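*Asks:* Once you've had a glance at the structure underneath, I'll fire off some questions.
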Amino acid sequence: MSRRVLLTGGRAPVTLELVRLFHAAGHEVHVAESLPQQLCRASKAVHRNHPVPSPRFDREGFLGALESIIRGEGIDLLIPTCEEVFHVSAGLGRLPCEVLAPPREQLRRLHSKWQFMADLEARSEDGHRVAGVQLPRTFLVEGPESLDAALAAFPIGSKVVFKPVFSRFGTLVRIQRVGDRPPTLDASPSQPWVAQEYVPGPMVCTYAVAREGHLLAFAAYRGDYTAGPGASIYFAPYEHPALGAFVREFVAVERFTGQISFDFIESGGTFYPLECNPRATSGVHLFGPEDGLVEALLGMRDTTARPRPETRSMLGLAMWAYALPKVRSLSGLIRWTADLRKAKDVLFRREDPRPLWQQLVLLATLARIARRERISLVEASTWDIEWNGES
């Protein structure tokens, strides 16, 4: 049965991927976005694009606009994709359609880098452990005294990772060696940080869809190429039973409904969870039309959808702009070239080519925001939609 689906976050490549998947499955797709030059506005797969106010700076206007779109277009299902999910969740009681998002308080717990780790620690003590997964030592920093206490818990000479409790993309991460001059953090009870054990190794990310604790879609991938310290730009399926077991256990305990993602570090065959992102992430790019992601999002699956092992996807422009400059050897260049040839660009489709060029218009818009706010281009991509623990 064809459904009318509204996706928010039209600036994001993952949203464009979902738009195309829903369209290919025969559904009518609408997109709501606060940036005027958003990515999905150029796609033929979108039935209608709807401008909305910034959820971060005008939440009431944003929710009111969504309510009007849902009623006016007869929307059956609203799927938030990016950090606007936190603002959408604040209006769950007033939005007149099914919304694939968990309650606000649950989102807060999962998004908090401190509460996420504290909850995992408590569950581990209660016997909820997954073989192959170990928790990094993590401490809350709310000022100079808790900073000193956190540093004292680690051996002299060891490395410690500092990051705000509410943050994204790794843009504010600092790595400090114990015994060196303590870092200067703007940490307070209202803006806390975490101090976390540094674990060497490659990053591994997961993406999943769940409904009422049942895992309906799952993908994992390595962060071998990134834009900045944390945003992956190349995606290849990565298999390890510990990852699927961890996510399945987690969503079951939480009775989670929505899209949820995790970042891990793999070290010596053990996976260390670092943070939870209760929203869509780039694992979406691993699913093709025949892989069952749309059915998972609609709640029409009994088994877990997974991508095909041979899938390779990338943000092509970012591979040239971010990954190529980091190549430092001939072997690295050979590997980069081989990986580039294996992957499809997530923005380009022969039957829907315009979003590939629309990304340049979007980048120009984000560059203006970055200059105005004196932030990075990556930070500008979520400037007007992000949520940092506010009420």
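Within each chain, counting starts at residue 1; across the structure tokens, chains are named A, B, ... in the order shown, with ligands numbered 1 upward in that order.
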Which of segment 152-368 of chain A counts as helix (DSSP H, G or I) under DSSP, as an MDAnalysis selection string please?

*Replies:* chainID A and resid 152 241:254 282:286 293:297 316:326 330:342 354:368

*Asks:* Residues of segment 172-267 of chain A that have any atom at most 10 Å from an atom of segment 159-165 of chain A: could you tabulate them with the shortest-distance atom pair and the distance in Å to one decimal, using only C-alpha atoms, ordered by chain and increasing number, as CSV?

*Replies:*
residue,atom,partner,partner_atom,distance
A:Leu172,CA,A:Lys163,CA,6.1
A:Val173,CA,A:Lys163,CA,4.7
A:Arg174,CA,A:Phe162,CA,5.1
A:Ile175,CA,A:Val161,CA,4.5
A:Gln176,CA,A:Val160,CA,5.3
A:Arg177,CA,A:Lys159,CA,4.3
A:Val178,CA,A:Lys159,CA,6.1
A:Gly179,CA,A:Lys159,CA,9.6
A:Pro183,CA,A:Phe162,CA,8.7
A:Leu185,CA,A:Phe162,CA,8.7
A:Asp186,CA,A:Pro164,CA,9.1
A:Ala187,CA,A:Pro164,CA,8.0
A:Gln191,CA,A:Pro164,CA,7.4
A:Pro192,CA,A:Val165,CA,5.8
A:Trp193,CA,A:Pro164,CA,4.0
A:Val194,CA,A:Lys163,CA,5.6
A:Ala195,CA,A:Phe162,CA,4.7
A:Gln196,CA,A:Val161,CA,5.0
A:Glu197,CA,A:Val160,CA,5.1
A:Tyr198,CA,A:Val160,CA,5.0
A:Val199,CA,A:Lys159,CA,8.5
A:Pro200,CA,A:Lys159,CA,9.7

*Asks:* If you count only C-alpha atoms, which residues fall within 9 Å of Asn49 of chain A, apart from same-chain ones fewer than 6 positions away, as a PDB file with N, CA and C atoms, in the first residue's frame?

*Replies:*
ATOM      1  N   GLY A  10      16.122  17.829   4.896  1.00  0.00           N
ATOM      2  CA  GLY A  10      16.378  17.693   3.462  1.00  0.00           C
ATOM      3  C   GLY A  10      17.764  18.099   3.013  1.00  0.00           C
ATOM      4  N   VAL A  29       6.610  11.014  -1.445  1.00  0.00           N
ATOM      5  CA  VAL A  29       7.591  11.533  -0.494  1.00  0.00           C
ATOM      6  C   VAL A  29       7.561  13.056  -0.455  1.00  0.00           C
ATOM      7  N   HIS A  30       7.428  13.591   0.758  1.00  0.00           N
ATOM      8  CA  HIS A  30       7.507  15.031   1.010  1.00  0.00           C
ATOM      9  C   HIS A  30       8.726  15.300   1.887  1.00  0.00           C
ATOM     10  N   VAL A  31       9.296  16.489   1.743  1.00  0.00           N
ATOM     11  CA  VAL A  31      10.481  16.861   2.528  1.00  0.00           C
ATOM     12  C   VAL A  31      10.252  18.228   3.156  1.00  0.00           C
ATOM     13  N   ALA A  32      10.549  18.357   4.445  1.00  0.00           N
ATOM     14  CA  ALA A  32      10.497  19.626   5.169  1.00  0.00           C
ATOM     15  C   ALA A  32      11.908  20.006   5.586  1.00  0.00           C
ATOM     16  N   GLU A  33      12.292  21.259   5.338  1.00  0.00           N
ATOM     17  CA  GLU A  33      13.676  21.692   5.598  1.00  0.00           C
ATOM     18  C   GLU A  33      13.699  23.198   5.833  1.00  0.00           C
ATOM     19  N   CYS A  40      17.631  18.026  -1.109  1.00  0.00           N
ATOM     20  CA  CYS A  40      16.515  17.252  -1.675  1.00  0.00           C
ATOM     21  C   CYS A  40      15.623  18.068  -2.602  1.00  0.00           C
ATOM     22  N   ARG A  41      15.732  19.388  -2.568  1.00  0.00           N
ATOM     23  CA  ARG A  41      14.883  20.194  -3.431  1.00  0.00           C
ATOM     24  C   ARG A  41      15.178  19.949  -4.906  1.00  0.00           C
TER      25      ARG A  41
END

*Asks:* May I have the residues within 9 Å of segment 96-113 of chain A as a VMD selection string, using only C-alpha atoms and disregarding those fewer than 2 positions away in the same chain?

*Replies:* chain A and resid 67 70 to 71 74 to 80 85 to 90 92 to 94 115 to 119 163 to 167 193 to 194 211 254 256 to 259 274 to 279 297 to 298 388 to 389

*Asks:* Would you mind exporting the chosen residues as an mmCIF file, in the first residue's frame, restricted to C-alpha atoms?

*Replies:*
data_model
loop_
_atom_site.group_PDB
_atom_site.id
_atom_site.type_symbol
_atom_site.label_atom_id
_atom_site.label_comp_id
_atom_site.auth_asym_id
_atom_site.auth_seq_id
_atom_site.Cartn_x
_atom_site.Cartn_y
_atom_site.Cartn_z
ATOM 1 C CA GLU A 67 1.408 20.121 11.764
ATOM 2 C CA ILE A 70 0.754 16.785 7.828
ATOM 3 C CA ARG A 71 -2.873 17.922 7.783
ATOM 4 C CA GLY A 74 -2.550 13.848 4.396
ATOM 5 C CA ILE A 75 0.816 12.567 5.640
ATOM 6 C CA ASP A 76 0.777 9.033 7.079
ATOM 7 C CA LEU A 77 4.293 8.866 8.545
ATOM 8 C CA LEU A 78 6.828 11.475 9.646
ATOM 9 C CA ILE A 79 10.482 10.364 9.758
ATOM 10 C CA PRO A 80 13.023 12.796 11.260
ATOM 11 C CA VAL A 85 14.526 14.696 15.763
ATOM 12 C CA PHE A 86 14.984 16.227 19.238
ATOM 13 C CA HIS A 87 12.694 19.119 18.326
ATOM 14 C CA VAL A 88 10.191 16.846 16.575
ATOM 15 C CA SER A 89 10.051 14.670 19.691
ATOM 16 C CA ALA A 90 9.078 17.714 21.758
ATOM 17 C CA LEU A 92 4.914 14.210 19.586
ATOM 18 C CA GLY A 93 1.584 14.854 21.267
ATOM 19 C CA ARG A 94 0.433 17.414 18.708
ATOM 20 C CA GLN A 115 24.331 9.338 30.565
ATOM 21 C CA PHE A 116 24.736 6.850 27.710
ATOM 22 C CA MET A 117 27.935 5.488 29.254
ATOM 23 C CA ALA A 118 26.542 5.587 32.805
ATOM 24 C CA ASP A 119 23.495 3.561 31.719
ATOM 25 C CA LYS A 163 34.408 16.139 24.681
ATOM 26 C CA PRO A 164 31.208 18.026 25.559
ATOM 27 C CA VAL A 165 28.342 15.860 26.775
ATOM 28 C CA PHE A 166 26.211 17.205 23.923
ATOM 29 C CA SER A 167 28.236 17.477 20.715
ATOM 30 C CA TRP A 193 32.073 17.472 29.446
ATOM 31 C CA VAL A 194 33.243 13.890 29.718
ATOM 32 C CA ARG A 211 10.284 -0.620 16.617
ATOM 33 C CA GLU A 254 15.349 0.368 25.757
ATOM 34 C CA PHE A 256 13.470 1.686 21.335
ATOM 35 C CA THR A 257 11.470 2.936 18.351
ATOM 36 C CA GLY A 258 13.218 4.921 15.631
ATOM 37 C CA GLN A 259 16.610 5.157 13.963
ATOM 38 C CA LEU A 274 31.890 5.739 22.556
ATOM 39 C CA GLU A 275 28.536 7.363 21.940
ATOM 40 C CA CYS A 276 24.988 6.920 20.699
ATOM 41 C CA ASN A 277 23.320 8.974 17.964
ATOM 42 C CA PRO A 278 19.548 8.371 18.140
ATOM 43 C CA ARG A 279 18.953 9.421 14.528
ATOM 44 C CA LEU A 297 11.073 1.993 8.552
ATOM 45 C CA LEU A 298 7.414 1.269 7.853
ATOM 46 C CA ASN A 388 22.509 20.625 23.065
ATOM 47 C CA GLY A 389 20.416 19.609 26.057
#

*Asks:* Kindly indicate which residue among A:Ile375, A:Leu363, A:Leu120, A:Ile233 lies nearest to Leu39 of chain A, using only C-alpha atoms for the distances.

*Replies:*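 Once distances to Leu39 of chain A are computed over only C-alpha atoms, the minimum belongs to A:Leu363.
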
*Asks:* DSSP on the backbone: what in segment 251-345 of chain A comes out strand (DSSP E or B), as a tab-separated table (two decimals) with N, CA and C atoms, in the first residue's frame?

*Replies:*
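What landed in out11.tsv:
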chain	number	residue	atom	x	y	z
A	258	GLY	N	12.62	3.85	16.43
A	258	GLY	CA	13.22	4.92	15.63
A	258	GLY	C	14.49	4.46	14.96
A	259	GLN	N	15.30	5.43	14.54
A	259	GLN	CA	16.61	5.16	13.96
A	259	GLN	C	17.66	5.43	15.03
A	260	ILE	N	18.68	4.57	15.11
A	260	ILE	CA	19.67	4.70	16.17
A	260	ILE	C	21.03	4.24	15.66
A	261	SER	N	22.07	4.94	16.06
A	261	SER	CA	23.42	4.66	15.58
A	261	SER	C	24.41	4.72	16.73
A	262	PHE	N	25.51	3.98	16.59
A	262	PHE	CA	26.54	3.95	17.62
A	262	PHE	C	27.92	4.07	16.97
A	263	ASP	N	28.84	4.70	17.71
A	263	ASP	CA	30.24	4.77	17.32
A	263	ASP	C	31.07	3.91	18.28
A	264	PHE	N	31.94	3.09	17.72
A	264	PHE	CA	32.84	2.23	18.50
A	264	PHE	C	34.28	2.47	18.06
A	265	ILE	N	35.20	2.12	18.93
A	265	ILE	CA	36.60	1.94	18.55
A	265	ILE	C	36.90	0.44	18.66
A	266	GLU	N	37.52	-0.11	17.63
A	266	GLU	CA	37.95	-1.51	17.67
A	266	GLU	C	39.43	-1.56	18.04
A	267	SER	N	39.73	-2.29	19.09
A	267	SER	CA	41.12	-2.40	19.55
A	267	SER	C	41.37	-3.82	20.03
A	270	THR	N	38.42	-6.18	20.39
A	270	THR	CA	37.37	-5.76	21.31
A	270	THR	C	36.79	-4.43	20.84
A	271	PHE	N	35.47	-4.27	21.02
A	271	PHE	CA	34.80	-3.05	20.59
A	271	PHE	C	34.45	-2.21	21.82
A	272	TYR	N	34.81	-0.93	21.76
A	272	TYR	CA	34.56	0.02	22.85
A	272	TYR	C	33.53	1.04	22.38
A	273	PRO	N	32.30	1.01	22.91
A	273	PRO	CA	31.30	1.99	22.51
A	273	PRO	C	31.66	3.38	23.04
A	274	LEU	N	31.54	4.38	22.18
A	274	LEU	CA	31.89	5.74	22.56
A	274	LEU	C	30.67	6.62	22.75
A	275	GLU	N	29.70	6.49	21.85
A	275	GLU	CA	28.54	7.36	21.94
A	275	GLU	C	27.39	6.79	21.12
A	276	CYS	N	26.21	7.32	21.40
A	276	CYS	CA	24.99	6.92	20.70
A	276	CYS	C	24.43	8.13	19.98
A	277	ASN	N	24.01	7.94	18.74
A	277	ASN	CA	23.32	8.97	17.96
A	277	ASN	C	21.92	8.46	17.64
A	305	ALA	N	16.66	-6.38	8.24
A	305	ALA	CA	17.20	-6.03	6.93
A	305	ALA	C	18.69	-5.72	7.05
A	313	SER	N	29.73	2.76	-1.01
A	313	SER	CA	29.17	4.08	-1.28
A	313	SER	C	30.11	5.14	-0.73
A	314	MET	N	30.02	6.35	-1.28
A	314	MET	CA	30.91	7.42	-0.83
A	314	MET	C	30.29	8.78	-1.13
A	344	LYS	N	30.00	3.88	-5.38
A	344	LYS	CA	29.09	4.78	-6.08
A	344	LYS	C	28.95	6.05	-5.25
A	345	ASP	N	28.79	7.17	-5.94
A	345	ASP	CA	28.56	8.44	-5.26
A	345	ASP	C	27.13	8.44	-4.73

*Asks:* Would you please work out which residue, of A:Pro155, A:Pro355, A:Gly223, A:Gly64, is nearest to Phe169 of chain A when using only C-alpha atoms?

*Replies:*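 Among the listed residues, the smallest separation from Phe169 of chain A belongs to A:Gly223.
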
*Asks:* Mind pulling up the distance from atom CA of Ser188 of chain A to atom CA of Arg371 of chain A?

*Replies:*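 Straight-line distance from atom CA of Arg371 of chain A to atom CA of Ser188 of chain A works out to 27.6 Å.
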
*Asks:* For each of A:Glu290, A:Glu249, A:Glu28, A:Glu145, take the minimum atom-to-atom distance to Leu7 of chain A, counting only C-alpha atoms, then give the residue where this is smallest.

*Replies:*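 The shortest atom-to-atom distance to Leu7 of chain A comes from A:Glu28.
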
*Asks:* A:Asp302, A:Glu83, A:Glu17, A:Glu60: which is nearest Thr382 of chain A, counting only C-alpha atoms?

*Replies:*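 Nearest to Thr382 of chain A: A:Glu83.
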
*Asks:* Give me, please, the distance in Å between atom CA of Gln359 of chain A and atom CA of Pro55 of chain A, quoted to one decimal.

*Replies:*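 Rounded to one decimal, the two atoms are 21.9 Å apart.
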
*Asks:* Between A:Asp352, A:Glu73, A:Pro144, A:Tyr225, which is the closest to Gly332 of chain A once you count only C-alpha atoms?

*Replies:* A:Tyr225

*Asks:* Choose the residue, out of A:Val294, A:Thr303, A:Leu140, A:Ala236, that has the smallest atom-to-atom separation from His23 of chain A; count only C-alpha atoms.

*Replies:*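 Closest to His23 of chain A of all the choices is A:Val294.
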
*Asks:* Find the residues around Arg308 of chain A up to 10 Å (only C-alpha atoms counted), leave out those fewer than 2 positions away in its own chain, and share them as an NGL selection string.

*Replies:* :A and (219 or 236-237 or 286-288 or 290-291 or 305-306 or 310-312)

*Asks:* Give me, please, the distance in Å between atom CA of Ala245 of chain A and atom CA of Glu121 of chain A, quoted to one decimal.

*Replies:* 16.8 Å

*Asks:* Tell me which protein, DNA and RNA residues are within 12 Å of Pro241 of chain A, counting only C-alpha atoms, leaving out same-chain ones fewer than 6 positions away, and put them as a PDB file with N, CA, C and O atoms, in the first residue's frame.

*Replies:*
ATOM      1  N   VAL A 130      27.790  -7.971  26.601  1.00  0.00           N
ATOM      2  CA  VAL A 130      27.904  -8.585  25.279  1.00  0.00           C
ATOM      3  C   VAL A 130      29.350  -8.982  25.069  1.00  0.00           C
ATOM      4  O   VAL A 130      30.261  -8.150  25.234  1.00  0.00           O
ATOM      5  N   ALA A 131      29.587 -10.234  24.715  1.00  0.00           N
ATOM      6  CA  ALA A 131      30.948 -10.707  24.480  1.00  0.00           C
ATOM      7  C   ALA A 131      31.607  -9.891  23.372  1.00  0.00           C
ATOM      8  O   ALA A 131      31.007  -9.633  22.328  1.00  0.00           O
ATOM      9  N   GLY A 132      32.843  -9.473  23.613  1.00  0.00           N
ATOM     10  CA  GLY A 132      33.576  -8.693  22.619  1.00  0.00           C
ATOM     11  C   GLY A 132      33.381  -7.199  22.749  1.00  0.00           C
ATOM     12  O   GLY A 132      33.958  -6.432  21.970  1.00  0.00           O
ATOM     13  N   VAL A 133      32.566  -6.749  23.708  1.00  0.00           N
ATOM     14  CA  VAL A 133      32.322  -5.321  23.931  1.00  0.00           C
ATOM     15  C   VAL A 133      32.789  -4.947  25.333  1.00  0.00           C
ATOM     16  O   VAL A 133      32.452  -5.625  26.311  1.00  0.00           O
ATOM     17  N   PHE A 218      19.853  -3.282  10.191  1.00  0.00           N
ATOM     18  CA  PHE A 218      21.152  -3.124  10.839  1.00  0.00           C
ATOM     19  C   PHE A 218      22.249  -3.085   9.792  1.00  0.00           C
ATOM     20  O   PHE A 218      22.250  -3.863   8.835  1.00  0.00           O
ATOM     21  N   ALA A 219      23.197  -2.163   9.980  1.00  0.00           N
ATOM     22  CA  ALA A 219      24.391  -2.090   9.140  1.00  0.00           C
ATOM     23  C   ALA A 219      25.544  -1.569   9.981  1.00  0.00           C
ATOM     24  O   ALA A 219      25.352  -0.778  10.909  1.00  0.00           O
ATOM     25  N   ALA A 220      26.755  -2.028   9.668  1.00  0.00           N
ATOM     26  CA  ALA A 220      27.963  -1.538  10.318  1.00  0.00           C
ATOM     27  C   ALA A 220      28.990  -1.200   9.252  1.00  0.00           C
ATOM     28  O   ALA A 220      29.018  -1.815   8.177  1.00  0.00           O
ATOM     29  N   VAL A 247      23.799  -4.085  19.556  1.00  0.00           N
ATOM     30  CA  VAL A 247      22.684  -3.236  19.143  1.00  0.00           C
ATOM     31  C   VAL A 247      21.347  -3.928  19.416  1.00  0.00           C
ATOM     32  O   VAL A 247      20.390  -3.301  19.901  1.00  0.00           O
ATOM     33  N   ARG A 248      21.267  -5.206  19.113  1.00  0.00           N
ATOM     34  CA  ARG A 248      20.017  -5.938  19.356  1.00  0.00           C
ATOM     35  C   ARG A 248      19.651  -5.916  20.847  1.00  0.00           C
ATOM     36  O   ARG A 248      18.502  -5.695  21.209  1.00  0.00           O
ATOM     37  N   GLY A 269      40.591  -6.664  18.790  1.00  0.00           N
ATOM     38  CA  GLY A 269      39.452  -7.571  18.682  1.00  0.00           C
ATOM     39  C   GLY A 269      38.302  -7.265  19.622  1.00  0.00           C
ATOM     40  O   GLY A 269      37.305  -7.998  19.650  1.00  0.00           O
ATOM     41  N   THR A 270      38.418  -6.184  20.392  1.00  0.00           N
ATOM     42  CA  THR A 270      37.367  -5.758  21.314  1.00  0.00           C
ATOM     43  C   THR A 270      36.785  -4.433  20.837  1.00  0.00           C
ATOM     44  O   THR A 270      37.513  -3.577  20.329  1.00  0.00           O
ATOM     45  N   PHE A 271      35.472  -4.270  21.018  1.00  0.00           N
ATOM     46  CA  PHE A 271      34.797  -3.045  20.592  1.00  0.00           C
ATOM     47  C   PHE A 271      34.445  -2.205  21.815  1.00  0.00           C
ATOM     48  O   PHE A 271      33.845  -2.702  22.775  1.00  0.00           O
TER      49      PHE A 271
END

*Asks:* Which residues are close to Gly283 of chain A, i.e. within 8 Å by only C-alpha atoms, leaving aside same-chain residues fewer than 6 positions away? Reply as number ranges by chain.

*Replies:* A: 205-207, 219-221, 235
